[in-house]
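Source file: my_file-v1.txt; contents: compact mmCIF, C-alpha atoms.
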```txt
# COMPACT_ATOMS: atom_id res chain seq x y z
CA MET A 16 -50.82 -4.87 -12.41
CA LYS A 17 -50.76 -6.10 -8.82
CA GLU A 18 -47.14 -7.16 -9.28
CA PHE A 19 -46.28 -3.73 -10.70
CA TRP A 20 -47.78 -2.02 -7.67
CA ASP A 21 -46.00 -4.35 -5.23
CA CYS A 22 -42.62 -3.63 -6.82
CA PHE A 23 -43.32 0.09 -6.64
CA LYS A 24 -44.34 -0.03 -2.97
CA ASN A 25 -41.34 -2.16 -2.02
CA GLY A 26 -38.94 0.71 -2.68
CA ILE A 27 -40.90 3.18 -0.57
CA VAL A 28 -41.81 1.13 2.50
CA GLY A 29 -40.36 -2.39 2.61
CA GLU A 30 -36.83 -1.81 1.38
CA ASN A 31 -36.47 1.94 1.50
CA PRO A 32 -32.96 2.44 0.07
CA VAL A 33 -31.83 5.07 2.54
CA LEU A 34 -33.42 4.15 5.86
CA ARG A 35 -33.54 0.35 5.48
CA LEU A 36 -30.65 -0.60 3.18
CA MET A 37 -28.28 2.25 4.24
CA ILE A 38 -27.16 3.02 0.71
CA GLY A 39 -26.98 6.30 -1.19
CA LEU A 40 -26.42 8.23 2.01
CA CYS A 41 -23.88 10.79 0.83
CA SER A 42 -26.14 12.94 -1.30
CA VAL A 43 -29.05 12.59 1.16
CA LEU A 44 -27.02 14.26 3.88
CA ALA A 45 -25.12 16.71 1.70
CA VAL A 46 -27.79 18.50 -0.30
CA SER A 47 -30.63 18.45 2.23
CA VAL A 48 -29.99 21.94 3.59
CA ARG A 49 -32.67 23.40 1.31
CA LEU A 50 -35.92 21.70 0.32
CA GLU A 51 -35.64 22.92 -3.27
CA ASN A 52 -32.23 21.24 -3.69
CA CYS A 53 -33.71 18.02 -2.28
CA LEU A 54 -36.50 17.88 -4.84
CA PHE A 55 -34.16 18.49 -7.77
CA MET A 56 -31.68 15.94 -6.43
CA GLY A 57 -34.55 13.45 -6.11
CA ALA A 58 -35.66 14.16 -9.67
CA ALA A 59 -32.11 13.67 -10.97
CA VAL A 60 -31.78 10.35 -9.14
CA ILE A 61 -35.18 9.13 -10.38
CA PHE A 62 -34.20 9.99 -13.96
CA VAL A 63 -30.83 8.24 -13.83
CA LEU A 64 -32.19 5.25 -11.91
CA THR A 65 -35.16 4.65 -14.20
CA GLY A 66 -33.31 5.40 -17.43
CA SER A 67 -30.28 3.27 -16.77
CA ASN A 68 -32.18 0.36 -15.26
CA LEU A 69 -34.57 0.39 -18.22
CA VAL A 70 -31.65 0.06 -20.62
CA ILE A 71 -29.93 -2.56 -18.48
CA SER A 72 -33.11 -4.61 -18.26
CA ALA A 73 -33.68 -4.33 -22.01
CA ILE A 74 -30.18 -5.59 -22.88
CA ARG A 75 -29.94 -8.15 -20.08
CA ASN A 76 -30.10 -11.17 -22.43
CA PHE A 77 -27.24 -9.95 -24.63
CA VAL A 78 -24.75 -9.04 -21.90
CA PRO A 79 -22.15 -11.69 -21.05
CA ASN A 80 -22.08 -12.27 -17.32
CA GLU A 81 -18.33 -11.62 -16.91
CA VAL A 82 -18.36 -8.06 -18.22
CA ARG A 83 -21.71 -6.96 -16.84
CA ILE A 84 -20.33 -4.55 -14.22
CA PRO A 85 -18.32 -2.39 -16.69
CA ILE A 86 -21.32 -2.31 -19.01
CA PHE A 87 -23.61 -1.20 -16.17
CA ILE A 88 -21.11 1.52 -15.28
CA VAL A 89 -21.03 2.83 -18.84
CA VAL A 90 -24.84 2.94 -19.05
CA ILE A 91 -25.20 4.67 -15.68
CA SER A 92 -22.48 7.21 -16.43
CA THR A 93 -24.14 8.06 -19.74
CA PHE A 94 -27.35 9.01 -17.98
CA THR A 95 -25.45 10.87 -15.26
CA THR A 96 -23.59 12.88 -17.89
CA ILE A 97 -26.93 13.82 -19.50
CA VAL A 98 -28.29 15.12 -16.18
CA ASP A 99 -25.05 16.95 -15.40
CA LEU A 100 -24.84 18.74 -18.75
CA VAL A 101 -28.57 19.62 -18.84
CA MET A 102 -28.42 21.08 -15.33
CA LYS A 103 -25.28 23.08 -16.13
CA ALA A 104 -26.95 24.51 -19.24
CA TYR A 105 -30.45 25.32 -17.97
CA LEU A 106 -30.18 25.54 -14.16
CA PRO A 107 -26.69 26.92 -13.49
CA ALA A 108 -27.50 28.19 -9.97
CA LEU A 109 -28.86 24.82 -8.91
CA SER A 110 -25.97 23.00 -10.53
CA GLU A 111 -23.66 25.17 -8.43
CA ALA A 112 -25.60 24.37 -5.23
CA LEU A 113 -25.65 20.61 -5.80
CA GLY A 114 -22.00 20.72 -6.87
CA VAL A 115 -20.10 17.45 -7.05
CA PHE A 116 -23.12 15.42 -5.96
CA ILE A 117 -24.67 15.37 -9.44
CA PRO A 118 -21.61 13.69 -11.04
CA LEU A 119 -21.43 11.46 -7.98
CA ILE A 120 -24.83 9.94 -8.85
CA VAL A 121 -22.77 7.59 -11.02
CA VAL A 122 -21.38 5.91 -7.91
CA ASN A 123 -24.63 6.14 -5.96
CA CYS A 124 -24.94 2.63 -4.57
CA ILE A 125 -28.75 2.59 -5.01
CA ILE A 126 -28.42 2.52 -8.80
CA MET A 127 -25.71 -0.12 -8.96
CA ALA A 128 -27.46 -2.26 -6.34
CA ARG A 129 -30.79 -2.17 -8.20
CA ALA A 130 -29.09 -2.86 -11.54
CA GLU A 131 -27.37 -5.90 -10.06
CA ALA A 132 -30.21 -7.23 -7.90
CA PHE A 133 -33.24 -6.38 -10.00
CA ALA A 134 -32.83 -4.89 -13.48
CA SER A 135 -30.40 -7.53 -14.76
CA ARG A 136 -32.87 -10.32 -13.89
CA LYS A 137 -36.41 -8.99 -14.33
CA PRO A 138 -38.51 -7.83 -17.34
CA VAL A 139 -38.64 -4.16 -18.33
CA ILE A 140 -42.08 -3.34 -16.92
CA LEU A 141 -41.28 -4.56 -13.40
CA THR A 142 -37.90 -2.81 -13.56
CA ILE A 143 -39.63 0.50 -14.22
CA ALA A 144 -41.88 -0.05 -11.21
CA ASP A 145 -38.95 -0.97 -8.99
CA SER A 146 -36.82 2.01 -10.14
CA LEU A 147 -39.65 4.48 -9.67
CA GLY A 148 -40.40 3.06 -6.23
CA MET A 149 -36.76 3.25 -5.14
CA GLY A 150 -36.43 6.75 -6.56
CA VAL A 151 -39.58 8.00 -4.84
CA GLY A 152 -38.50 6.35 -1.59
CA TYR A 153 -35.16 8.16 -1.83
CA THR A 154 -36.85 11.48 -2.62
CA LEU A 155 -39.28 11.16 0.30
CA VAL A 156 -36.46 10.59 2.80
CA ILE A 157 -34.30 13.42 1.44
CA ALA A 158 -37.31 15.78 1.47
CA ALA A 159 -38.23 14.76 5.02
CA ILE A 160 -34.72 15.66 6.16
CA GLY A 161 -34.68 18.83 4.06
CA VAL A 162 -37.93 20.16 5.58
CA VAL A 163 -36.62 19.91 9.12
CA ARG A 164 -33.17 21.30 8.30
CA GLU A 165 -34.49 24.29 6.37
CA LEU A 166 -37.20 25.03 8.93
CA PHE A 167 -34.95 24.97 11.99
CA GLY A 168 -31.74 26.06 10.29
CA TYR A 169 -33.08 29.12 8.49
CA GLY A 170 -36.67 29.41 9.82
CA GLN A 171 -37.87 29.10 6.23
CA PHE A 172 -39.92 26.78 4.01
CA PHE A 173 -39.05 26.86 0.27
CA TYR A 174 -37.29 30.20 0.94
CA HIS A 175 -40.46 31.68 2.56
CA GLN A 176 -39.99 32.96 6.09
CA VAL A 177 -42.11 30.81 8.44
CA PHE A 178 -40.70 31.61 11.84
CA PRO A 179 -40.68 35.27 12.99
CA SER A 180 -37.73 37.18 11.58
CA SER A 181 -36.21 37.46 15.04
CA TYR A 182 -35.56 33.67 14.88
CA GLN A 183 -31.82 33.11 15.07
CA GLY A 184 -31.60 29.75 13.31
CA MET A 185 -30.02 26.59 14.68
CA MET A 186 -26.51 26.51 13.24
CA ILE A 187 -26.18 22.79 13.90
CA MET A 188 -29.00 21.97 11.47
CA ILE A 189 -27.17 23.66 8.58
CA LEU A 190 -23.82 22.07 9.43
CA PRO A 191 -22.85 18.37 8.98
CA PRO A 192 -23.57 17.22 12.59
CA GLY A 193 -27.26 18.15 12.25
CA ALA A 194 -27.65 15.92 9.20
CA PHE A 195 -26.10 12.92 10.98
CA LEU A 196 -28.26 13.54 14.05
CA LEU A 197 -31.48 13.76 12.04
CA ILE A 198 -30.91 10.61 10.04
CA GLY A 199 -30.08 8.73 13.25
CA ILE A 200 -33.34 9.89 14.79
CA TYR A 201 -35.31 8.96 11.65
CA ILE A 202 -33.94 5.42 11.59
CA ALA A 203 -34.68 5.04 15.30
CA LEU A 204 -38.28 6.21 14.70
CA LEU A 205 -38.64 3.75 11.83
CA ASN A 206 -37.33 0.95 14.09
CA HIS A 207 -39.85 1.98 16.72
CA PHE A 208 -42.86 1.81 14.37
CA HIS A 209 -41.59 -1.34 12.67
CA ARG A 210 -41.22 -3.21 15.95
CA ARG A 211 -44.58 -2.01 17.25
CA ASP A 212 -46.31 -3.27 14.08
CA ASN A 213 -44.68 -6.68 14.45
CA LEU A 214 -45.69 -7.18 18.07
CA MET B 83 5.10 27.42 -4.13
CA SER B 84 6.64 26.38 -0.87
CA ALA B 85 6.55 23.41 1.43
CA MET B 86 4.23 25.45 3.65
CA ASP B 87 1.58 25.54 0.91
CA LEU B 88 1.76 21.79 0.51
CA PHE B 89 1.44 21.35 4.27
CA LYS B 90 -1.64 23.58 4.26
CA ILE B 91 -3.25 21.52 1.49
CA PHE B 92 -2.47 18.38 3.45
CA ILE B 93 -3.90 19.59 6.77
CA SER B 94 -7.02 21.08 5.25
CA ALA B 95 -7.69 17.88 3.25
CA ALA B 96 -7.17 15.62 6.27
CA LEU B 97 -8.75 17.58 9.12
CA VAL B 98 -10.52 20.83 8.22
CA ASP B 99 -12.39 19.53 5.18
CA ASN B 100 -12.51 15.93 6.37
CA ILE B 101 -14.08 14.06 3.49
CA ILE B 102 -16.59 12.19 5.66
CA LEU B 103 -17.30 14.43 8.61
CA ALA B 104 -17.35 17.78 6.81
CA ARG B 105 -18.17 16.96 3.19
CA TYR B 106 -20.38 13.85 3.53
CA ILE B 107 -18.57 11.86 0.85
CA GLY B 108 -17.79 8.14 1.21
CA LEU B 109 -20.42 7.38 3.82
CA CYS B 110 -21.30 3.88 2.60
CA PRO B 111 -17.92 2.29 3.44
CA TYR B 112 -17.78 4.47 6.56
CA ILE B 113 -20.98 2.93 7.93
CA GLY B 114 -20.42 -0.51 6.40
CA MET B 115 -16.77 -1.18 7.27
CA SER B 116 -16.47 0.38 10.71
CA SER B 117 -17.69 -2.51 12.88
CA ASN B 118 -14.16 -3.32 14.10
CA VAL B 119 -10.74 -1.68 14.10
CA ALA B 120 -8.93 -4.35 12.05
CA ASN B 121 -11.40 -4.14 9.16
CA SER B 122 -11.38 -0.38 9.10
CA LEU B 123 -7.58 -0.30 9.01
CA GLY B 124 -7.57 -2.62 5.98
CA MET B 125 -10.19 -0.50 4.26
CA GLY B 126 -8.24 2.68 5.03
CA MET B 127 -5.06 1.21 3.53
CA ALA B 128 -6.83 0.07 0.39
CA VAL B 129 -8.52 3.46 -0.05
CA THR B 130 -5.22 5.32 0.41
CA PHE B 131 -3.50 3.15 -2.17
CA VAL B 132 -6.21 3.46 -4.82
CA MET B 133 -6.96 7.12 -4.14
CA VAL B 134 -3.39 8.26 -4.75
CA LEU B 135 -2.94 6.15 -7.89
CA ALA B 136 -6.36 7.11 -9.28
CA SER B 137 -5.82 10.83 -8.80
CA ILE B 138 -2.41 10.69 -10.49
CA ALA B 139 -3.83 8.70 -13.42
CA THR B 140 -6.87 10.93 -13.93
CA TRP B 141 -4.82 14.09 -13.46
CA ALA B 142 -2.42 13.04 -16.20
CA LEU B 143 -5.22 11.97 -18.56
CA TRP B 144 -7.11 15.20 -17.95
CA ASN B 145 -4.22 17.58 -18.48
CA PHE B 146 -2.45 15.82 -21.32
CA ILE B 147 -5.33 14.38 -23.33
CA PHE B 148 -8.75 15.74 -22.44
CA VAL B 149 -8.14 19.47 -22.12
CA PRO B 150 -5.97 19.73 -25.28
CA LEU B 151 -8.57 17.77 -27.28
CA GLY B 152 -11.60 19.57 -25.80
CA LEU B 153 -13.22 16.40 -24.49
CA GLU B 154 -14.19 17.76 -21.06
CA TYR B 155 -17.77 16.52 -21.37
CA LEU B 156 -16.59 12.92 -21.13
CA GLN B 157 -15.19 13.52 -17.62
CA ILE B 158 -17.64 11.44 -15.58
CA MET B 159 -17.57 8.42 -17.86
CA VAL B 160 -13.81 8.30 -18.32
CA PHE B 161 -12.90 8.89 -14.68
CA ILE B 162 -15.16 6.10 -13.40
CA LEU B 163 -13.80 3.72 -16.04
CA VAL B 164 -10.21 4.64 -15.17
CA ILE B 165 -10.92 3.86 -11.53
CA ALA B 166 -12.61 0.56 -12.39
CA VAL B 167 -9.72 -0.54 -14.60
CA LEU B 168 -7.15 0.57 -12.05
CA VAL B 169 -8.79 -1.43 -9.28
CA GLN B 170 -8.87 -4.56 -11.46
CA LEU B 171 -5.21 -4.11 -12.41
CA LEU B 172 -4.15 -3.53 -8.81
CA GLU B 173 -5.96 -6.64 -7.70
CA ALA B 174 -4.20 -8.77 -10.32
CA ILE B 175 -0.76 -7.26 -9.66
CA LEU B 176 -1.00 -7.50 -5.89
CA LYS B 177 -2.16 -11.10 -6.06
CA LYS B 178 0.95 -12.06 -8.08
CA THR B 179 3.63 -9.89 -6.49
CA VAL B 180 2.74 -9.03 -2.89
CA PRO B 181 0.43 -11.80 -1.61
CA ASN B 182 0.69 -10.55 1.99
CA LEU B 183 -0.63 -7.13 1.13
CA TYR B 184 -3.30 -8.74 -1.03
CA GLN B 185 -4.39 -10.84 1.94
CA ALA B 186 -4.65 -7.72 4.07
CA MET B 187 -6.71 -5.58 1.72
CA GLY B 188 -7.83 -7.88 -1.08
CA ILE B 189 -11.47 -8.16 -0.09
CA TYR B 190 -11.86 -4.39 0.12
CA LEU B 191 -10.51 -3.66 -3.35
CA PRO B 192 -13.62 -4.60 -5.40
CA LEU B 193 -15.78 -2.45 -3.11
CA ILE B 194 -13.63 0.56 -3.88
CA THR B 195 -14.77 0.87 -7.50
CA THR B 196 -18.07 2.32 -6.33
CA ASN B 197 -16.57 4.32 -3.47
CA CYS B 198 -17.66 7.90 -4.04
CA ALA B 199 -14.68 9.27 -2.10
CA ILE B 200 -12.24 8.12 -4.80
CA LEU B 201 -14.26 9.60 -7.66
CA ALA B 202 -14.82 12.84 -5.76
CA VAL B 203 -11.11 13.27 -5.07
CA THR B 204 -10.28 12.85 -8.76
CA PHE B 205 -12.89 15.52 -9.59
CA PHE B 206 -11.59 17.91 -6.92
CA GLY B 207 -7.97 17.43 -8.00
CA VAL B 208 -8.94 18.58 -11.49
CA ASP B 209 -11.33 21.33 -10.30
CA TYR B 210 -8.78 23.01 -8.05
CA ASN B 211 -6.19 23.22 -10.86
CA TYR B 212 -3.53 21.55 -8.74
CA ASN B 213 -0.18 20.54 -10.18
CA LEU B 214 1.04 16.94 -9.89
CA LEU B 215 2.79 17.36 -6.55
CA GLN B 216 -0.22 19.12 -5.05
CA VAL B 217 -2.58 16.41 -6.31
CA VAL B 218 -0.45 13.71 -4.67
CA VAL B 219 -0.30 15.59 -1.35
CA TYR B 220 -4.01 16.38 -1.51
CA SER B 221 -5.06 12.78 -2.16
CA ILE B 222 -2.82 11.45 0.61
CA GLY B 223 -4.37 14.03 2.95
CA VAL B 224 -7.92 13.06 2.04
CA ALA B 225 -7.14 9.36 2.41
CA LEU B 226 -5.59 9.98 5.82
CA GLY B 227 -8.67 11.94 6.90
CA PHE B 228 -10.87 9.08 5.70
CA THR B 229 -8.82 6.54 7.64
CA ILE B 230 -8.83 8.67 10.80
CA ALA B 231 -12.60 9.05 10.70
CA LEU B 232 -13.08 5.34 10.02
CA LEU B 233 -10.75 4.29 12.86
CA LEU B 234 -12.35 6.68 15.34
CA LEU B 235 -15.84 5.37 14.58
CA ALA B 236 -14.63 1.75 14.70
CA GLY B 237 -13.13 2.39 18.15
CA ILE B 238 -16.39 3.91 19.35
CA ARG B 239 -18.43 1.05 17.94
CA GLU B 240 -16.25 -1.55 19.67
CA LYS B 241 -16.87 0.21 22.99
CA LEU B 242 -20.58 0.65 22.26
CA ARG B 243 -21.05 -3.11 22.40
CA PHE B 244 -20.60 -2.96 26.17
CA SER B 245 -22.87 -0.01 26.82
CA LYS B 246 -26.58 0.13 27.30
CA VAL B 247 -28.13 1.70 24.22
CA PRO B 248 -31.89 2.46 24.20
CA GLN B 249 -33.74 -0.29 22.35
CA PHE B 250 -34.72 1.65 19.21
CA TYR B 251 -31.30 3.24 18.89
CA GLN B 252 -29.46 -0.07 18.68
CA GLY B 253 -27.66 -0.72 15.40
CA TYR B 254 -27.44 2.07 12.86
CA PRO B 255 -29.15 4.95 14.73
CA ILE B 256 -26.53 5.06 17.49
CA VAL B 257 -23.78 4.92 14.83
CA PHE B 258 -25.20 8.08 13.26
CA ILE B 259 -25.55 9.82 16.62
CA SER B 260 -21.88 8.97 17.37
CA THR B 261 -20.94 10.33 13.94
CA CYS B 262 -22.81 13.52 14.79
CA LEU B 263 -20.70 13.97 17.92
CA LEU B 264 -17.51 13.19 15.97
CA ALA B 265 -18.47 15.79 13.37
CA ILE B 266 -19.01 18.37 16.11
CA ALA B 267 -15.54 17.58 17.45
CA PHE B 268 -14.03 17.95 13.96
CA MET B 269 -15.66 21.37 13.61
CA GLY B 270 -13.03 22.47 16.11
CA PHE B 271 -10.49 22.32 13.26
CA LYS B 272 -12.33 25.07 11.36
CA GLY B 273 -10.08 28.10 11.03
CA LEU B 274 -6.92 26.06 11.54
CA VAL B 275 -5.80 26.85 7.98
CA LYS B 276 -6.32 30.32 6.57
```

Please go through the file and, once you have read it, give me the structure as structure tokens.
Amino acid sequence: MKEFWDCFKNGIVGENPVLRLMIGLCSVLAVSVRLENCLFMGAAVIFVLTGSNLVISAIRNFVPNEVRIPIFIVVISTFTTIVDLVMKAYLPALSEALGVFIPLIVVNCIIMARAEAFASRKPVILTIADSLGMGVGYTLVIAAIGVVRELFGYGQFFYHQVFPSSYQGMMIMILPPGAFLLIGIYIALLNHFHRRDNL
Amino acid sequence: MSAMDLFKIFISAALVDNIILARYIGLCPYIGMSSNVANSLGMGMAVTFVMVLASIATWALWNFIFVPLGLEYLQIMVFILVIAVLVQLLEAILKKTVPNLYQAMGIYLPLITTNCAILAVTFFGVDYNYNLLQVVVYSIGVALGFTIALLLLAGIREKLRFSKVPQFYQGYPIVFISTCLLAIAFMGFKGLVK
């Protein structure tokens, strides 16, 4: 149980995929204009990450080492296709908003990196903990960026007006430069706290 | 369809809709491979090569096999496998026939399989209903835009080594702040193509 918890926490704090390992950045920056999109993107990534790593961990003893990468790709793309088709069928507006970034989950480096570094070596239970931790860590970062961008870009929170309606909105927060700026500031903040804790 | 249309597709793919600075696709190699100019040039070459070949291959598969047979739902799985196979083939062929080129971009080729820019371009080429010539021009444009962005950042990062960066901004944070400024500069291209 302790081991399970440690694996889970590792993805959120110790090796946060986005802020520490610098992987899976594309979708974090692209869909974080609205908080709602962020949460659904996070849910999609958690589903694909947990599902595919669970399968990969379960079949790890039968997979020859030389062809493991193509097999991982097939498993991951199966789960991505499921998410893509389900979203298109039941949430068409959201599927439109997230656009190409749902199919692109298949090449999200977080999933491949965890399959290679963790799921193909460790038992199923620990893999679930690790995948959930990584997925939650990803979702927390994307939501943290989404809150700031929606608040300052539109003056809204989950589509509810927070700032007075005379608020003009900071264009830069909605456009690409704002996303790059914010993630730079977040990593700098994390460095700051990390170094202070170690002193 | 005239040469002007093709030129418009090219310019908008390379500058206006720059795949990294305006569409946020392909950021992992952008951050990972931009520490010096020589590396980023090799990466840019490899991406250009694979991107053009992959979009031609997937375009042909899509229009001649998948649409007639009604297999559109297999798109994600087949496209990623086509790219993976193509990269493996290229690696083997280059190693045998053009060792010099293989030396220059060999180490970048395996990384390209999971490069989201390549997969995204194959999706866009199909989504926009381009014909073969347009797909080729479009993918060359995107690859050029990718290389330009990579080279610009690599140049900045080489200069950054000699400047005094605040302690907590050293490393990745300052790279993102530089990217932010680059993206602002690229917004100047908006409205260039109507």

Quick one: residues within 9 Å of Ile91 (chain B), all atoms listed in the file, excluding same-chain residues fewer than 6 positions away - as number ranges by chain?
B: 216, 219-220, 223, 275

For region 80-97 of chain A, work out the shell of residues within 9 Å, counting all atoms listed in the file and skipping chain neighbours fewer than 4 positions away, then give it as a ChimeraX atom specification.
/A:59-60,62-64,66-68,70-71,75,101-102,117-122,126-127,130-131,135 /B:155-160,162-163,166

Could you turn the residues from that selection into a file that holds C-alpha atoms, as an mmCIF file, keeping the file's coordinate frame?
```
data_model
loop_
_atom_site.group_PDB
_atom_site.id
_atom_site.type_symbol
_atom_site.label_atom_id
_atom_site.label_comp_id
_atom_site.auth_asym_id
_atom_site.auth_seq_id
_atom_site.Cartn_x
_atom_site.Cartn_y
_atom_site.Cartn_z
ATOM 1 C CA ALA A 59 -32.110 13.670 -10.970
ATOM 2 C CA VAL A 60 -31.780 10.350 -9.140
ATOM 3 C CA PHE A 62 -34.200 9.990 -13.960
ATOM 4 C CA VAL A 63 -30.830 8.240 -13.830
ATOM 5 C CA LEU A 64 -32.190 5.250 -11.910
ATOM 6 C CA GLY A 66 -33.310 5.400 -17.430
ATOM 7 C CA SER A 67 -30.280 3.270 -16.770
ATOM 8 C CA ASN A 68 -32.180 0.360 -15.260
ATOM 9 C CA VAL A 70 -31.650 0.060 -20.620
ATOM 10 C CA ILE A 71 -29.930 -2.560 -18.480
ATOM 11 C CA ARG A 75 -29.940 -8.150 -20.080
ATOM 12 C CA VAL A 101 -28.570 19.620 -18.840
ATOM 13 C CA MET A 102 -28.420 21.080 -15.330
ATOM 14 C CA ILE A 117 -24.670 15.370 -9.440
ATOM 15 C CA PRO A 118 -21.610 13.690 -11.040
ATOM 16 C CA LEU A 119 -21.430 11.460 -7.980
ATOM 17 C CA ILE A 120 -24.830 9.940 -8.850
ATOM 18 C CA VAL A 121 -22.770 7.590 -11.020
ATOM 19 C CA VAL A 122 -21.380 5.910 -7.910
ATOM 20 C CA ILE A 126 -28.420 2.520 -8.800
ATOM 21 C CA MET A 127 -25.710 -0.120 -8.960
ATOM 22 C CA ALA A 130 -29.090 -2.860 -11.540
ATOM 23 C CA GLU A 131 -27.370 -5.900 -10.060
ATOM 24 C CA SER A 135 -30.400 -7.530 -14.760
ATOM 25 C CA TYR B 155 -17.770 16.520 -21.370
ATOM 26 C CA LEU B 156 -16.590 12.920 -21.130
ATOM 27 C CA GLN B 157 -15.190 13.520 -17.620
ATOM 28 C CA ILE B 158 -17.640 11.440 -15.580
ATOM 29 C CA MET B 159 -17.570 8.420 -17.860
ATOM 30 C CA VAL B 160 -13.810 8.300 -18.320
ATOM 31 C CA ILE B 162 -15.160 6.100 -13.400
ATOM 32 C CA LEU B 163 -13.800 3.720 -16.040
ATOM 33 C CA ALA B 166 -12.610 0.560 -12.390
#
```

Contact residues (chain B, partner chain A, 10 Å, all atoms listed in the file) as a ChimeraX atom specification:
/B:102-111,113-114,155-163,166-167,195-202,205-206,248-269

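A straight line drawn from CA of Ala158 (chain A) to CA of Arg49 (chain A) is 8.9 Å long.
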
CA of Trp20 (chain A) to CA of Gly152 (chain A), distance in Å rounded to a single decimal
13.9 Å

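Put simply, CA of Gly26 (chain A) is 4.5 Å away from CA of Gly148 (chain A).
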
Using all atoms of region 126-144 of chain B that appear in the file, construct an axis-aligned enclosing box with 8 Å of padding on every side and provide its centre coordinates and edge lengths in Å, rounded to one decimal, as lines of an AutoDock Vina configuration file.
```
center_x = -5.5
center_y = 7.6
center_z = -6.8
size_x = 22.1
size_y = 31.1
size_z = 39.6
```

Near-Gln176 (chain A) list (9 Å; all atoms listed in the file; drop same-chain fewer than 6 positions) as a ChimeraX atom specification:
/A:166,169-170

Which residues come within 10 Å of Leu214 (chain B), counting only C-alpha atoms, excluding same-chain residues fewer than 2 positions away, as a PyMOL selection string?
chain B and resi 137-138+141-142+207+211-212+216-220

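When all atoms listed in the file are used to measure the gap to Ile93 (chain B), the shortest distance among B:Pro192, B:Gly237, B:Gly227, B:Gly270 belongs to B:Gly227.
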
Mind checking which residues fall within 10 Å of Phe55 (chain A), counting only C-alpha atoms, ignoring those fewer than 6 positions away in the same chain, and posting them as number ranges by chain?
A: 46, 61, 102, 109-110, 113, 154

Convert the current residue selection to file output with C-alpha atoms, as a tab-separated table (two decimals), in the frame of the given file.
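Below is the file part.tsv, written as the result:
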```
chain	number	residue	atom	x	y	z
A	46	VAL	CA	-27.79	18.50	-0.30
A	61	ILE	CA	-35.18	9.13	-10.38
A	102	MET	CA	-28.42	21.08	-15.33
A	109	LEU	CA	-28.86	24.82	-8.91
A	110	SER	CA	-25.97	23.00	-10.53
A	113	LEU	CA	-25.65	20.61	-5.80
A	154	THR	CA	-36.85	11.48	-2.62
```

Measuring atom to atom with all atoms listed in the file, identify which of A:Glu30, A:Asp145, A:Glu51, A:Glu18 is nearest to Phe172 (chain A).
A:Glu51

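For the set A:Met149, A:Leu141, A:Val33, A:Met185, the residue with the smallest atom-to-atom gap to Gln171 (chain A) is A:Met185, counting all atoms listed in the file.
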
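In this comparison, which uses all atoms listed in the file, the residue of A:Ala108, A:Val156, A:Ala132, A:Ile74 approaching Ile27 (chain A) most closely is A:Val156.
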
Can region 47-58 of chain A be brought up to N, CA and C atoms and written out as a CSV table (one decimal), keeping the file's coordinate frame?
```csv
chain,number,residue,atom,x,y,z
A,47,SER,N,-29.3,18.3,1.6
A,47,SER,CA,-30.6,18.4,2.2
A,47,SER,C,-30.7,19.7,3.1
A,48,VAL,N,-29.9,20.7,2.8
A,48,VAL,CA,-30.0,21.9,3.6
A,48,VAL,C,-31.2,22.8,3.1
A,49,ARG,N,-31.5,22.7,1.9
A,49,ARG,CA,-32.7,23.4,1.3
A,49,ARG,C,-33.6,22.4,0.7
A,50,LEU,N,-34.9,22.6,0.9
A,50,LEU,CA,-35.9,21.7,0.3
A,50,LEU,C,-35.9,21.7,-1.2
A,51,GLU,N,-35.7,22.8,-1.8
A,51,GLU,CA,-35.6,22.9,-3.3
A,51,GLU,C,-34.5,22.0,-3.8
A,52,ASN,N,-33.3,22.1,-3.2
A,52,ASN,CA,-32.2,21.2,-3.7
A,52,ASN,C,-32.6,19.8,-3.6
A,53,CYS,N,-33.3,19.4,-2.5
A,53,CYS,CA,-33.7,18.0,-2.3
A,53,CYS,C,-34.6,17.5,-3.4
A,54,LEU,N,-35.6,18.3,-3.8
A,54,LEU,CA,-36.5,17.9,-4.8
A,54,LEU,C,-35.8,17.7,-6.2
A,55,PHE,N,-34.9,18.6,-6.5
A,55,PHE,CA,-34.2,18.5,-7.8
A,55,PHE,C,-33.2,17.3,-7.7
A,56,MET,N,-32.6,17.1,-6.6
A,56,MET,CA,-31.7,15.9,-6.4
A,56,MET,C,-32.5,14.7,-6.6
A,57,GLY,N,-33.7,14.6,-6.0
A,57,GLY,CA,-34.6,13.4,-6.1
A,57,GLY,C,-34.9,13.2,-7.6
A,58,ALA,N,-35.3,14.3,-8.3
A,58,ALA,CA,-35.7,14.2,-9.7
A,58,ALA,C,-34.5,13.6,-10.5
```
